[in-house]
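Pasting start16.cif here (mmCIF, C-alpha atoms):
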data_start
#
loop_
_atom_site.label_atom_id
_atom_site.label_comp_id
_atom_site.auth_asym_id
_atom_site.auth_seq_id
_atom_site.Cartn_x
_atom_site.Cartn_y
_atom_site.Cartn_z
CA MET A 16 13.11 55.27 7.75
CA ASN A 17 13.41 51.49 7.64
CA TRP A 18 14.53 50.86 4.05
CA LYS A 19 14.80 47.11 4.49
CA ASN A 20 11.04 46.68 4.89
CA LYS A 21 10.36 48.64 1.67
CA TRP A 22 12.03 46.12 -0.66
CA GLU A 23 9.52 43.89 -2.44
CA SER A 24 10.28 40.55 -4.02
CA ILE A 25 9.98 40.65 -7.82
CA ARG A 26 10.08 36.89 -8.26
CA GLU A 27 10.82 33.90 -6.04
CA TYR A 28 13.99 31.88 -6.68
CA ASP A 29 15.78 29.16 -4.75
CA ASP A 30 19.36 30.51 -4.85
CA ILE A 31 18.87 34.25 -5.28
CA LYS A 32 16.69 37.03 -3.89
CA PHE A 33 15.39 39.43 -6.55
CA ASP A 34 13.94 42.53 -4.86
CA PHE A 35 12.77 45.94 -6.02
CA PHE A 36 12.42 49.35 -4.34
CA ASP A 37 12.04 52.87 -5.69
CA GLY A 38 13.15 52.04 -9.23
CA ILE A 39 16.10 49.93 -8.11
CA ALA A 40 16.37 46.17 -8.54
CA LYS A 41 18.60 44.25 -6.14
CA ILE A 42 19.83 40.69 -6.54
CA SER A 43 21.46 38.85 -3.65
CA ILE A 44 22.83 35.33 -3.46
CA ASN A 45 20.67 33.55 -0.89
CA ARG A 46 22.59 30.43 0.13
CA PRO A 47 23.92 31.34 3.59
CA GLU A 48 24.16 27.70 4.60
CA LYS A 49 26.72 27.29 1.77
CA HIS A 50 28.44 30.66 2.36
CA ASN A 51 26.61 32.00 -0.73
CA ALA A 52 28.64 29.83 -3.08
CA PHE A 53 27.51 29.79 -6.70
CA THR A 54 26.06 26.66 -8.29
CA PRO A 55 24.88 26.09 -11.86
CA ARG A 56 21.35 26.78 -10.61
CA THR A 57 22.48 30.13 -9.14
CA VAL A 58 23.84 31.14 -12.54
CA LYS A 59 20.67 29.99 -14.32
CA GLU A 60 18.53 32.02 -11.92
CA MET A 61 20.68 35.10 -12.48
CA ILE A 62 20.35 34.62 -16.25
CA ASP A 63 16.61 34.25 -15.81
CA ALA A 64 16.60 37.57 -13.96
CA ASN A 65 18.00 39.14 -17.19
CA LEU A 66 21.23 40.36 -15.64
CA ALA A 67 23.32 39.53 -18.70
CA LYS A 68 20.93 41.35 -21.01
CA ASN A 69 20.83 44.36 -18.71
CA ALA A 70 24.64 44.41 -18.47
CA LYS A 71 24.89 44.39 -22.27
CA THR A 72 22.23 47.10 -22.74
CA ARG A 73 23.38 49.41 -19.95
CA GLY A 74 27.02 48.69 -20.74
CA SER A 75 26.48 49.90 -24.32
CA GLN A 76 24.74 53.00 -22.99
CA LEU A 77 27.63 53.63 -20.60
CA ILE A 78 30.46 53.09 -23.12
CA ASN A 79 28.76 55.06 -25.92
CA ASN A 80 28.16 58.03 -23.63
CA LEU A 81 31.63 57.82 -22.07
CA ASN A 82 32.96 58.07 -25.63
CA ASP A 83 30.81 61.18 -26.12
CA ILE A 84 32.36 62.64 -22.96
CA LYS A 85 35.81 61.67 -24.28
CA ASN A 86 35.07 63.50 -27.52
CA GLN A 87 33.87 66.53 -25.57
CA PHE A 88 37.03 66.53 -23.43
CA SER A 89 39.55 65.07 -25.87
CA ASP A 90 42.35 67.00 -24.15
CA LYS A 91 41.66 65.09 -20.90
CA ILE A 92 40.36 61.60 -21.71
CA MET A 93 42.65 59.48 -23.84
CA GLU A 94 40.63 56.24 -24.08
CA VAL A 95 37.38 54.55 -23.09
CA ARG A 96 37.24 50.77 -22.87
CA GLY A 97 35.24 47.95 -21.38
CA LYS A 98 32.81 45.15 -21.87
CA GLY A 99 29.33 45.14 -20.46
CA LEU A 100 29.29 47.18 -17.29
CA LEU A 101 33.00 46.68 -16.54
CA THR A 102 34.26 49.93 -18.00
CA ALA A 103 37.16 52.32 -17.64
CA PHE A 104 38.39 55.59 -19.01
CA GLU A 105 42.00 56.61 -19.15
CA MET A 106 43.17 60.15 -18.69
CA PHE A 107 46.25 61.65 -20.28
CA ASP A 108 49.26 61.48 -17.98
CA GLU A 109 49.17 65.09 -16.78
CA PRO A 110 49.54 66.33 -13.17
CA ASN A 111 46.04 67.88 -13.13
CA LEU A 112 44.45 64.63 -14.33
CA ASP A 113 45.30 62.52 -11.28
CA GLY A 114 43.18 59.37 -11.09
CA HIS A 115 42.95 59.40 -7.31
CA HIS A 116 41.67 62.98 -7.30
CA ILE A 117 39.13 62.08 -10.00
CA SER A 118 37.88 59.03 -8.08
CA VAL A 119 37.45 61.14 -4.91
CA GLU A 120 35.53 63.79 -6.85
CA LEU A 121 33.34 61.07 -8.40
CA LEU A 122 32.65 59.73 -4.92
CA ASN A 123 31.54 63.24 -3.94
CA GLN A 124 29.03 62.92 -6.80
CA GLY A 125 27.79 59.60 -5.37
CA ILE A 126 29.74 57.50 -7.88
CA TYR A 127 32.05 54.74 -6.70
CA ALA A 128 35.07 54.46 -9.00
CA LYS A 129 38.56 53.08 -8.53
CA GLU A 130 41.68 54.60 -10.00
CA THR A 131 44.45 52.32 -11.17
CA HIS A 132 47.92 53.16 -12.48
CA HIS A 133 47.44 56.88 -11.76
CA THR A 134 45.51 57.58 -14.99
CA THR A 135 42.82 54.90 -15.30
CA ILE A 136 39.42 55.18 -13.64
CA ARG A 137 37.37 52.00 -13.44
CA LEU A 138 33.60 51.94 -13.22
CA ALA A 139 31.74 48.74 -12.35
CA PRO A 140 28.13 49.56 -11.52
CA ALA A 141 25.68 46.96 -10.26
CA LEU A 142 24.27 44.52 -12.81
CA THR A 143 20.82 45.81 -11.92
CA ILE A 144 21.55 49.45 -12.83
CA ASN A 145 18.81 51.14 -14.84
CA GLU A 146 18.84 53.75 -17.61
CA LEU A 147 18.27 56.71 -15.31
CA GLN A 148 21.04 55.59 -12.95
CA VAL A 149 23.48 55.26 -15.88
CA ASN A 150 22.52 58.76 -17.01
CA ASN A 151 23.14 60.09 -13.49
CA LEU A 152 26.52 58.34 -13.39
CA LEU A 153 27.44 59.87 -16.76
CA GLU A 154 26.42 63.36 -15.66
CA GLY A 155 28.64 62.99 -12.60
CA VAL A 156 31.59 61.90 -14.75
CA ARG A 157 30.96 64.78 -17.17
CA LYS A 158 30.85 67.31 -14.30
CA VAL A 159 34.05 66.04 -12.68
CA VAL A 160 36.00 65.90 -15.95
CA LYS A 161 34.78 69.35 -16.97
CA GLU A 162 36.02 70.85 -13.68
CA LEU A 163 39.54 69.42 -14.01
#
Kindly return the structure encoded in the file as structure tokens.
Amino acid sequence: MNWKNKWESIREYDDIKFDFFDGIAKISINRPEKHNAFTPRTVKEMIDANLAKNAKTRGSQLINNLNDIKNQFSDKIMEVRGKGLLTAFEMFDEPNLDGHHISVELLNQGIYAKETHHTTIRLAPALTINELQVNNLLEGVRKVVKEL
């Protein structure tokens, strides 16, 4: 299947491409002649595309639900932190709670995460993530943590 031809433009901009396919919105910087460098107009167009609002809304959804998972597995998750969609959860420093192992298991669930300092797992989903995608991400985290 040729996925590239399925993306449809949501709105025309000068500096960004704002496309949609199968419930997913995609924003790309579209200034190849300038090596996709940001300008004030690029930022204004991204704001117009409601990325900041979506990051705040979906970030709250993510952090609130990660805290629910933390409460459910309080013997495994020590802390949840973040701002917007830049989030992390920190495991207790126990041999069975290895951050690298957790990030690999999350990847097996289709979730890209990065462990840092052995116990911290960072999540940084796309600014265009939707409610269903956040819920899927959270279910993957819940499943992996439960199986530890």
Checklist entry - What does the PyMOL selection byres ((chain A and resi 131) around 12) select in this file, as number ranges by chain? => result A: 103-106, 113-118, 128-130, 132-138
Next on the checklist: Considering only C-alpha atoms, can you say which of A:Leu152, A:Glu120, A:Asp30, A:Ile126 comes closest to Glu48 of chain A?
Outcome noted: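 Using only C-alpha atoms, Glu48 of chain A sits closest to A:Asp30.
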Checklist entry - So what do you get for atom CA of Phe35 of chain A versus atom CA of Lys21 of chain A, distance-wise? => result 8.5 Å
Checklist outcome for this item: From the list A:Asp83, A:Asp90, A:Asp34, A:Glu23, the nearest residue to Ala64 of chain A using all atoms listed in the file is A:Asp34
Item to check | Interatomic distance, atom CA of Val159 of chain A to atom CA of Phe36 of chain A (Å, one decimal) | outcome: 28.6 Å
Item to check | Computed interatomic separation between atom CA of Ser75 of chain A and atom CA of Val160 of chain A (Å) | outcome: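 Separating atom CA of Ser75 of chain A from atom CA of Val160 of chain A is a distance of 20.4 Å.
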Next on the checklist: Expand the PyMOL selection byres ((chain A and resi 76) around 12) into the explicit residue set it covers here, and present it as an MDAnalysis selection string.
Outcome noted: chainID A and resid 69:75 77:83 97:100 102 144:153
Selection file, C-alpha atoms, as a PDB file, in the coordinates of the input:
ATOM      1  CA  ASN A  69      20.830  44.360 -18.710  1.00  0.00           C
ATOM      2  CA  ALA A  70      24.640  44.410 -18.470  1.00  0.00           C
ATOM      3  CA  LYS A  71      24.890  44.390 -22.270  1.00  0.00           C
ATOM      4  CA  THR A  72      22.230  47.100 -22.740  1.00  0.00           C
ATOM      5  CA  ARG A  73      23.380  49.410 -19.950  1.00  0.00           C
ATOM      6  CA  GLY A  74      27.020  48.690 -20.740  1.00  0.00           C
ATOM      7  CA  SER A  75      26.480  49.900 -24.320  1.00  0.00           C
ATOM      8  CA  LEU A  77      27.630  53.630 -20.600  1.00  0.00           C
ATOM      9  CA  ILE A  78      30.460  53.090 -23.120  1.00  0.00           C
ATOM     10  CA  ASN A  79      28.760  55.060 -25.920  1.00  0.00           C
ATOM     11  CA  ASN A  80      28.160  58.030 -23.630  1.00  0.00           C
ATOM     12  CA  LEU A  81      31.630  57.820 -22.070  1.00  0.00           C
ATOM     13  CA  ASN A  82      32.960  58.070 -25.630  1.00  0.00           C
ATOM     14  CA  ASP A  83      30.810  61.180 -26.120  1.00  0.00           C
ATOM     15  CA  GLY A  97      35.240  47.950 -21.380  1.00  0.00           C
ATOM     16  CA  LYS A  98      32.810  45.150 -21.870  1.00  0.00           C
ATOM     17  CA  GLY A  99      29.330  45.140 -20.460  1.00  0.00           C
ATOM     18  CA  LEU A 100      29.290  47.180 -17.290  1.00  0.00           C
ATOM     19  CA  THR A 102      34.260  49.930 -18.000  1.00  0.00           C
ATOM     20  CA  ILE A 144      21.550  49.450 -12.830  1.00  0.00           C
ATOM     21  CA  ASN A 145      18.810  51.140 -14.840  1.00  0.00           C
ATOM     22  CA  GLU A 146      18.840  53.750 -17.610  1.00  0.00           C
ATOM     23  CA  LEU A 147      18.270  56.710 -15.310  1.00  0.00           C
ATOM     24  CA  GLN A 148      21.040  55.590 -12.950  1.00  0.00           C
ATOM     25  CA  VAL A 149      23.480  55.260 -15.880  1.00  0.00           C
ATOM     26  CA  ASN A 150      22.520  58.760 -17.010  1.00  0.00           C
ATOM     27  CA  ASN A 151      23.140  60.090 -13.490  1.00  0.00           C
ATOM     28  CA  LEU A 152      26.520  58.340 -13.390  1.00  0.00           C
ATOM     29  CA  LEU A 153      27.440  59.870 -16.760  1.00  0.00           C
TER      30      LEU A 153
END
Give the centre and edge lengths of an axis-aligned box, in Å to one decimal, that holds all listed atoms of segment 95-100 of chain A with 6 Å on each side, as lines of an AutoDock Vina configuration file.
center_x = 33.3
center_y = 49.8
center_z = -20.2
size_x = 20.1
size_y = 21.4
size_z = 17.8
Checklist outcome for this item: With distances taken over only C-alpha atoms, the candidate from A:Asp108, A:Lys158, A:Ala139, A:Ser89 nearest Asn123 of chain A is A:Lys158
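Neighbours of Ile31 of chain A closer than or equal to 9 Å, with all atoms listed in the file counted and sequence neighbours fewer than 5 positions away skipped, come out as Ile42, Ser43, Ile44, Asn45, Arg46, Thr57, Glu60 and Met61 of chain A.
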Checklist entry - Using the chain letters and numbers from the file, which residues does the PyMOL selection byres ((chain A and resi 91) around 10) grab, as an NGL selection string? => result :A and (84-90 or 92-94 or 105-109 or 111-112 or 160-161 or 163)
Using C-alpha atoms, can you export the residues from the last selection as a PDB file, keeping the file's coordinate frame?
ATOM      1  CA  ILE A  84      32.360  62.640 -22.960  1.00  0.00           C
ATOM      2  CA  LYS A  85      35.810  61.670 -24.280  1.00  0.00           C
ATOM      3  CA  ASN A  86      35.070  63.500 -27.520  1.00  0.00           C
ATOM      4  CA  GLN A  87      33.870  66.530 -25.570  1.00  0.00           C
ATOM      5  CA  PHE A  88      37.030  66.530 -23.430  1.00  0.00           C
ATOM      6  CA  SER A  89      39.550  65.070 -25.870  1.00  0.00           C
ATOM      7  CA  ASP A  90      42.350  67.000 -24.150  1.00  0.00           C
ATOM      8  CA  ILE A  92      40.360  61.600 -21.710  1.00  0.00           C
ATOM      9  CA  MET A  93      42.650  59.480 -23.840  1.00  0.00           C
ATOM     10  CA  GLU A  94      40.630  56.240 -24.080  1.00  0.00           C
ATOM     11  CA  GLU A 105      42.000  56.610 -19.150  1.00  0.00           C
ATOM     12  CA  MET A 106      43.170  60.150 -18.690  1.00  0.00           C
ATOM     13  CA  PHE A 107      46.250  61.650 -20.280  1.00  0.00           C
ATOM     14  CA  ASP A 108      49.260  61.480 -17.980  1.00  0.00           C
ATOM     15  CA  GLU A 109      49.170  65.090 -16.780  1.00  0.00           C
ATOM     16  CA  ASN A 111      46.040  67.880 -13.130  1.00  0.00           C
ATOM     17  CA  LEU A 112      44.450  64.630 -14.330  1.00  0.00           C
ATOM     18  CA  VAL A 160      36.000  65.900 -15.950  1.00  0.00           C
ATOM     19  CA  LYS A 161      34.780  69.350 -16.970  1.00  0.00           C
ATOM     20  CA  LEU A 163      39.540  69.420 -14.010  1.00  0.00           C
TER      21      LEU A 163
END
